[in-house]
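Novice: Handing you this structure, nothing more for now.
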Amino acid sequence: MSEFAATVIATYSRRMRLRLGDGREVDARIKGKKLRPVCGDHVRTTPIANEDDWLITAVDPRQNELARPNASGRKEVLAANVDLVVVVAAPAPKPDWFIVDRYLCAAEIMRADGLVVFNKIDLADGARDALQVYDDIGYDTVRTSAETGDNIEEFGKLLADRTAIIVGQSGVGKSSLINRLTSEAWQKTADISAKRGEGRHTTVNSAMIPLPGGGEVIDSPGVRDYAPMLQTIDDAIVGYKEIHRTGEGCRFANCKHLKEPGCAVKAAVEAAEIDARRYESYRRSIILMEQLTRDRY
Ligand code: GDP
Ligand code: ZN
């Protein structure tokens with residue numbers, strides 16, 4: 001039986017929607033119990049004789065995965081092969097920049113790029129400066145209004161040809177931004193953010209939403225509620241890229257940039273070359289991680 005390469009573009013518990021290499025979309029079941037494909041996965045699939053469904057026979061190795069421990073402590077993968085993490089903040093609800101920093105941290109650890117969006121600029125005075133710190137670190141940033149359409153086109157250009165996920169506090173405008181970016185045709189067929197009855201057979205768990213300007217955004221409730229967790233101190237160091245960069249100049253190779261003498265990071269914070277609030281996020285990330293590690297053992 002001939003095998004085809006496909007991408008998982010939506011998941012409905014154990015059923016999936018696939019996009020084949022030629023652009024055709026088909027529904028598929030999964031062969032056996034061991035395979036656990038998620039949105040964004042590249043898979044192998046074959047047609048099933050006398051059925052509309054196809055069968056997923058293998059999952060290709062992943063470039064990266066967005067994962068979290070589930071209730072029983074096992075790794076649950078939410079999405080795969082993501083190359084951009086879009087972190088949305090807004091003047092309301094009040095921004096929690098520590099959350100933004102933790103999402104960016106997760107992006108670095110996954111080796112995905114980070115993009116910071118400040119939405120609802122129609123509401124904000126002086127909001128243009130809120131992202132300056134991220135500009136300075138080297139992240140792409142964009143100030144949008146899903147309400148007025150301001151800079152939505154610019155936002156779309158930053159997403160072109162990427163596979164992105166969109167994260168951020170509830171109420172910052174993630175759904176509104178996706179609606180602005182996408183065609184209406186899509187929203188009619190698969191509006192996953194609509195409050196459909198949970199657990200219904202047809203409920204989409206996650207979907208990859210194609211953007212008219214190229215690229216796609218993975219949207220899923222799991223990803224939206226995703227709380228990035230650091231496992232080791234190295235995760236925190238890698239996660240804050242300006243700290244990572246500056247840390248090359250520390251006296252000790254294993255400097256944690258907390259209390260060590262000859263710490264280039266502390267010096268840079270004092271000289272205001274590293275933003276003090278970002279450094280505070282870094283410290284808090286380590287404290288959180290150490291608490292969680294203590295609780296676990
Ligand atoms: P989500 O929880 O991040 O998906 O946020 P929603 O997209 O559901 O938006 C939350 C609320 O903010 C809704 O009432 C939207 O109408 C509103 N909203 C979203 N974007 C904007 C914006 O750019 N400006 C203003 N004024 N309101 C917005
Ligand atoms: Zn140091």
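Identifiers in the structure tokens: chain A, B, ... in order shown; residue index from 1 per chain; ligand index from 1 in order shown.
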Could you pull out the residues in stretch 27-168 of chain A that DSSP calls strand (DSSP E or B) from the backbone, as a PDB file with C-alpha atoms, in the first residue's frame?

Specialist:
ATOM      1  CA  ASP A  27      -9.745  12.709   7.748  1.00  0.00           C
ATOM      2  CA  ALA A  28      -7.672  10.026   9.362  1.00  0.00           C
ATOM      3  CA  ARG A  29      -7.572   7.514  12.149  1.00  0.00           C
ATOM      4  CA  ILE A  30      -4.446   6.444  13.971  1.00  0.00           C
ATOM      5  CA  HIS A  42       4.449  15.481   9.839  1.00  0.00           C
ATOM      6  CA  VAL A  43       3.077  11.969   9.417  1.00  0.00           C
ATOM      7  CA  ARG A  44       2.882   9.041   7.011  1.00  0.00           C
ATOM      8  CA  THR A  45      -0.571   7.987   5.914  1.00  0.00           C
ATOM      9  CA  THR A  46      -2.305   5.511   3.601  1.00  0.00           C
ATOM     10  CA  PRO A  47      -5.825   5.398   2.240  1.00  0.00           C
ATOM     11  CA  TRP A  54      -7.115   7.446   5.930  1.00  0.00           C
ATOM     12  CA  LEU A  55      -4.788   5.731   8.371  1.00  0.00           C
ATOM     13  CA  ILE A  56      -1.809   7.375  10.076  1.00  0.00           C
ATOM     14  CA  THR A  57       0.964   4.795  10.194  1.00  0.00           C
ATOM     15  CA  ALA A  58       3.941   6.795  11.490  1.00  0.00           C
ATOM     16  CA  VAL A  59       4.910  10.165  12.950  1.00  0.00           C
ATOM     17  CA  GLU A  65       7.450  20.145  20.673  1.00  0.00           C
ATOM     18  CA  LEU A  66       5.405  22.258  23.017  1.00  0.00           C
ATOM     19  CA  ALA A  67       4.895  19.985  26.005  1.00  0.00           C
ATOM     20  CA  ARG A  68       3.731  20.140  29.590  1.00  0.00           C
ATOM     21  CA  PRO A  69       3.251  17.614  32.356  1.00  0.00           C
ATOM     22  CA  LYS A  75       4.460  14.557  29.311  1.00  0.00           C
ATOM     23  CA  GLU A  76       1.598  15.833  27.196  1.00  0.00           C
ATOM     24  CA  VAL A  77       2.580  17.244  23.823  1.00  0.00           C
ATOM     25  CA  LEU A  78       0.329  20.086  22.693  1.00  0.00           C
ATOM     26  CA  ALA A  79       1.830  20.969  19.324  1.00  0.00           C
ATOM     27  CA  ALA A  80       4.851  20.096  17.197  1.00  0.00           C
ATOM     28  CA  LEU A  84       7.303  31.031  16.156  1.00  0.00           C
ATOM     29  CA  VAL A  85       5.732  31.745  19.551  1.00  0.00           C
ATOM     30  CA  VAL A  86       3.503  34.819  19.408  1.00  0.00           C
ATOM     31  CA  VAL A  87       3.081  36.321  22.877  1.00  0.00           C
ATOM     32  CA  VAL A  88       0.201  38.771  23.160  1.00  0.00           C
ATOM     33  CA  ALA A  89      -0.135  41.433  25.862  1.00  0.00           C
ATOM     34  CA  ASP A 113      11.501  32.517  17.563  1.00  0.00           C
ATOM     35  CA  GLY A 114       9.510  34.861  19.779  1.00  0.00           C
ATOM     36  CA  LEU A 115       7.281  37.709  18.634  1.00  0.00           C
ATOM     37  CA  VAL A 116       5.711  40.110  21.128  1.00  0.00           C
ATOM     38  CA  VAL A 117       2.389  41.723  20.217  1.00  0.00           C
ATOM     39  CA  PHE A 118       0.963  44.640  22.155  1.00  0.00           C
ATOM     40  CA  ASP A 140      10.285  41.162  16.675  1.00  0.00           C
ATOM     41  CA  THR A 141       7.463  43.280  18.074  1.00  0.00           C
ATOM     42  CA  VAL A 142       4.273  44.777  16.721  1.00  0.00           C
ATOM     43  CA  ARG A 143       1.632  47.123  18.197  1.00  0.00           C
ATOM     44  CA  THR A 163       4.083  27.891  11.857  1.00  0.00           C
ATOM     45  CA  ALA A 164       3.113  29.912  14.892  1.00  0.00           C
ATOM     46  CA  ILE A 165       1.324  29.409  18.160  1.00  0.00           C
ATOM     47  CA  ILE A 166      -0.421  32.258  19.905  1.00  0.00           C
ATOM     48  CA  VAL A 167      -0.269  32.614  23.691  1.00  0.00           C
ATOM     49  CA  GLY A 168      -0.965  35.245  26.317  1.00  0.00           C
TER      50      GLY A 168
END

Novice: If we count only C-alpha atoms and set the cut-off at 7 Å, which residues sit around stretch 1-10 of chain A, ignoring sequence neighbours fewer than 3 positions away in its own chain? Please answer as a list in words.

Specialist: Met16, Arg17, Leu18, Arg19, Leu20, Gly21, Val38, Cys39, Gly40, Asp41, His42, Val43, Arg44, Thr45, Thr46, Val204, Ser206, Ala207 and Met208 of chain A

Novice: Per residue of chain A within 12 Å of ligand 2, record the nearest atom pair and its distance in Å to one decimal, counting only C-alpha atoms and all ligand atoms, with rows in chain order and ascending residue number, as a Markdown table.

Specialist:
| residue | atom | partner | partner_atom_place_in_ligand_line | distance |
| --- | --- | --- | --- | --- |
| A:Ile237 | CA | ligand 2 | 1 (Zn) | 9.9 |
| A:Glu242 | CA | ligand 2 | 1 (Zn) | 11.9 |
| A:Ile243 | CA | ligand 2 | 1 (Zn) | 8.4 |
| A:His244 | CA | ligand 2 | 1 (Zn) | 9.1 |
| A:Arg245 | CA | ligand 2 | 1 (Zn) | 10.5 |
| A:Thr246 | CA | ligand 2 | 1 (Zn) | 8.0 |
| A:Gly247 | CA | ligand 2 | 1 (Zn) | 5.3 |
| A:Glu248 | CA | ligand 2 | 1 (Zn) | 8.1 |
| A:Gly249 | CA | ligand 2 | 1 (Zn) | 7.6 |
| A:Cys250 | CA | ligand 2 | 1 (Zn) | 4.7 |
| A:Arg251 | CA | ligand 2 | 1 (Zn) | 7.2 |
| A:Phe252 | CA | ligand 2 | 1 (Zn) | 7.1 |
| A:Ala253 | CA | ligand 2 | 1 (Zn) | 8.2 |
| A:Asn254 | CA | ligand 2 | 1 (Zn) | 8.0 |
| A:Cys255 | CA | ligand 2 | 1 (Zn) | 4.5 |
| A:Lys256 | CA | ligand 2 | 1 (Zn) | 5.5 |
| A:His257 | CA | ligand 2 | 1 (Zn) | 3.5 |
| A:Leu258 | CA | ligand 2 | 1 (Zn) | 6.9 |
| A:Lys259 | CA | ligand 2 | 1 (Zn) | 8.1 |
| A:Glu260 | CA | ligand 2 | 1 (Zn) | 6.5 |
| A:Pro261 | CA | ligand 2 | 1 (Zn) | 7.8 |
| A:Gly262 | CA | ligand 2 | 1 (Zn) | 7.0 |
| A:Cys263 | CA | ligand 2 | 1 (Zn) | 3.7 |
| A:Ala264 | CA | ligand 2 | 1 (Zn) | 5.3 |
| A:Val265 | CA | ligand 2 | 1 (Zn) | 5.0 |
| A:Lys266 | CA | ligand 2 | 1 (Zn) | 6.6 |
| A:Ala267 | CA | ligand 2 | 1 (Zn) | 8.7 |
| A:Ala268 | CA | ligand 2 | 1 (Zn) | 9.8 |
| A:Val269 | CA | ligand 2 | 1 (Zn) | 10.8 |
| A:Tyr279 | CA | ligand 2 | 1 (Zn) | 11.6 |

Novice: Find the residues of chain A that sit at most 9 Å from ligand 1; for each, write down the nearest two atoms and how far apart they are in Å, to one decimal. Count only C-alpha atoms and all ligand atoms. Sort by chain, then by number going up, and give it as a tab-separated table.

Specialist:
residue	atom	partner	partner_atom_place_in_ligand_line	distance
A:Val88	CA	ligand 1	3 (O)	7.7
A:Ala89	CA	ligand 1	3 (O)	8.6
A:Ala90	CA	ligand 1	23 (O)	8.2
A:Ala92	CA	ligand 1	12 (O)	8.0
A:Pro93	CA	ligand 1	12 (O)	8.7
A:Phe118	CA	ligand 1	23 (O)	8.9
A:Asn119	CA	ligand 1	23 (O)	5.2
A:Lys120	CA	ligand 1	23 (O)	3.3
A:Ile121	CA	ligand 1	23 (O)	6.2
A:Asp122	CA	ligand 1	24 (N)	5.7
A:Leu123	CA	ligand 1	26 (N)	5.6
A:Thr144	CA	ligand 1	23 (O)	6.4
A:Ser145	CA	ligand 1	23 (O)	3.4
A:Ala146	CA	ligand 1	23 (O)	3.8
A:Glu147	CA	ligand 1	23 (O)	4.2
A:Thr148	CA	ligand 1	23 (O)	6.7
A:Gly149	CA	ligand 1	23 (O)	7.6
A:Asp150	CA	ligand 1	23 (O)	8.2
A:Val167	CA	ligand 1	3 (O)	7.9
A:Gly168	CA	ligand 1	3 (O)	6.6
A:Gln169	CA	ligand 1	3 (O)	6.3
A:Ser170	CA	ligand 1	2 (O)	3.9
A:Gly171	CA	ligand 1	2 (O)	3.5
A:Val172	CA	ligand 1	3 (O)	4.1
A:Gly173	CA	ligand 1	7 (O)	3.2
A:Lys174	CA	ligand 1	3 (O)	3.7
A:Ser175	CA	ligand 1	7 (O)	3.7
A:Ser176	CA	ligand 1	7 (O)	3.7
A:Leu177	CA	ligand 1	7 (O)	6.5
A:Ile178	CA	ligand 1	7 (O)	8.0
A:Asn179	CA	ligand 1	7 (O)	8.3
A:Ser193	CA	ligand 1	4 (O)	7.7
A:Arg224	CA	ligand 1	3 (O)	8.5

Novice: Quick check, in Å to one decimal: how far apart do atom CA of A:Asp53 and atom CA of A:Val223 lie?

Specialist: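 The value is 27.0 Å.
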
Novice: May I have the residues within 9 Å of A:Glu280 as a list in words, using only C-alpha atoms and disregarding those fewer than 5 positions away in the same chain?

Specialist: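 Close residues of A:Glu280: Phe98, Asp275 and Ser285 of chain A.
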
Novice: Print the selection's residues with N, CA and C atoms to a file, as a short mmCIF file (atom, residue, chain, number, x, y, z; two decimals), in the first residue's frame.

Specialist:
data_model
loop_
_atom_site.label_atom_id
_atom_site.label_comp_id
_atom_site.auth_asym_id
_atom_site.auth_seq_id
_atom_site.Cartn_x
_atom_site.Cartn_y
_atom_site.Cartn_z
N PHE A 98 5.89 39.26 33.63
CA PHE A 98 6.54 38.00 34.02
C PHE A 98 5.99 36.85 33.18
N ASP A 275 17.74 45.23 31.22
CA ASP A 275 16.56 45.79 31.87
C ASP A 275 16.35 45.13 33.25
N SER A 285 12.00 33.32 37.82
CA SER A 285 11.92 32.03 37.11
C SER A 285 12.74 30.98 37.84
#

Novice: With DSSP run on the backbone, what are the alpha helix (DSSP H) residues within stretch 54-104 of chain A? I'd like them as a PyMOL selection string.

Specialist: chain A and resi 97-104

Novice: Which residue out of A:Arg278, A:Arg24, A:Arg36, A:Arg294 has the minimum interatomic distance to A:Thr11 when only C-alpha atoms are used?

Specialist: A:Arg36

Novice: What is the atom CA of A:Asp219-atom CA of A:Met289 distance in Å, reported with one decimal?

Specialist: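 If I compute the distance from atom CA of A:Asp219 to atom CA of A:Met289, I get 27.0 Å.
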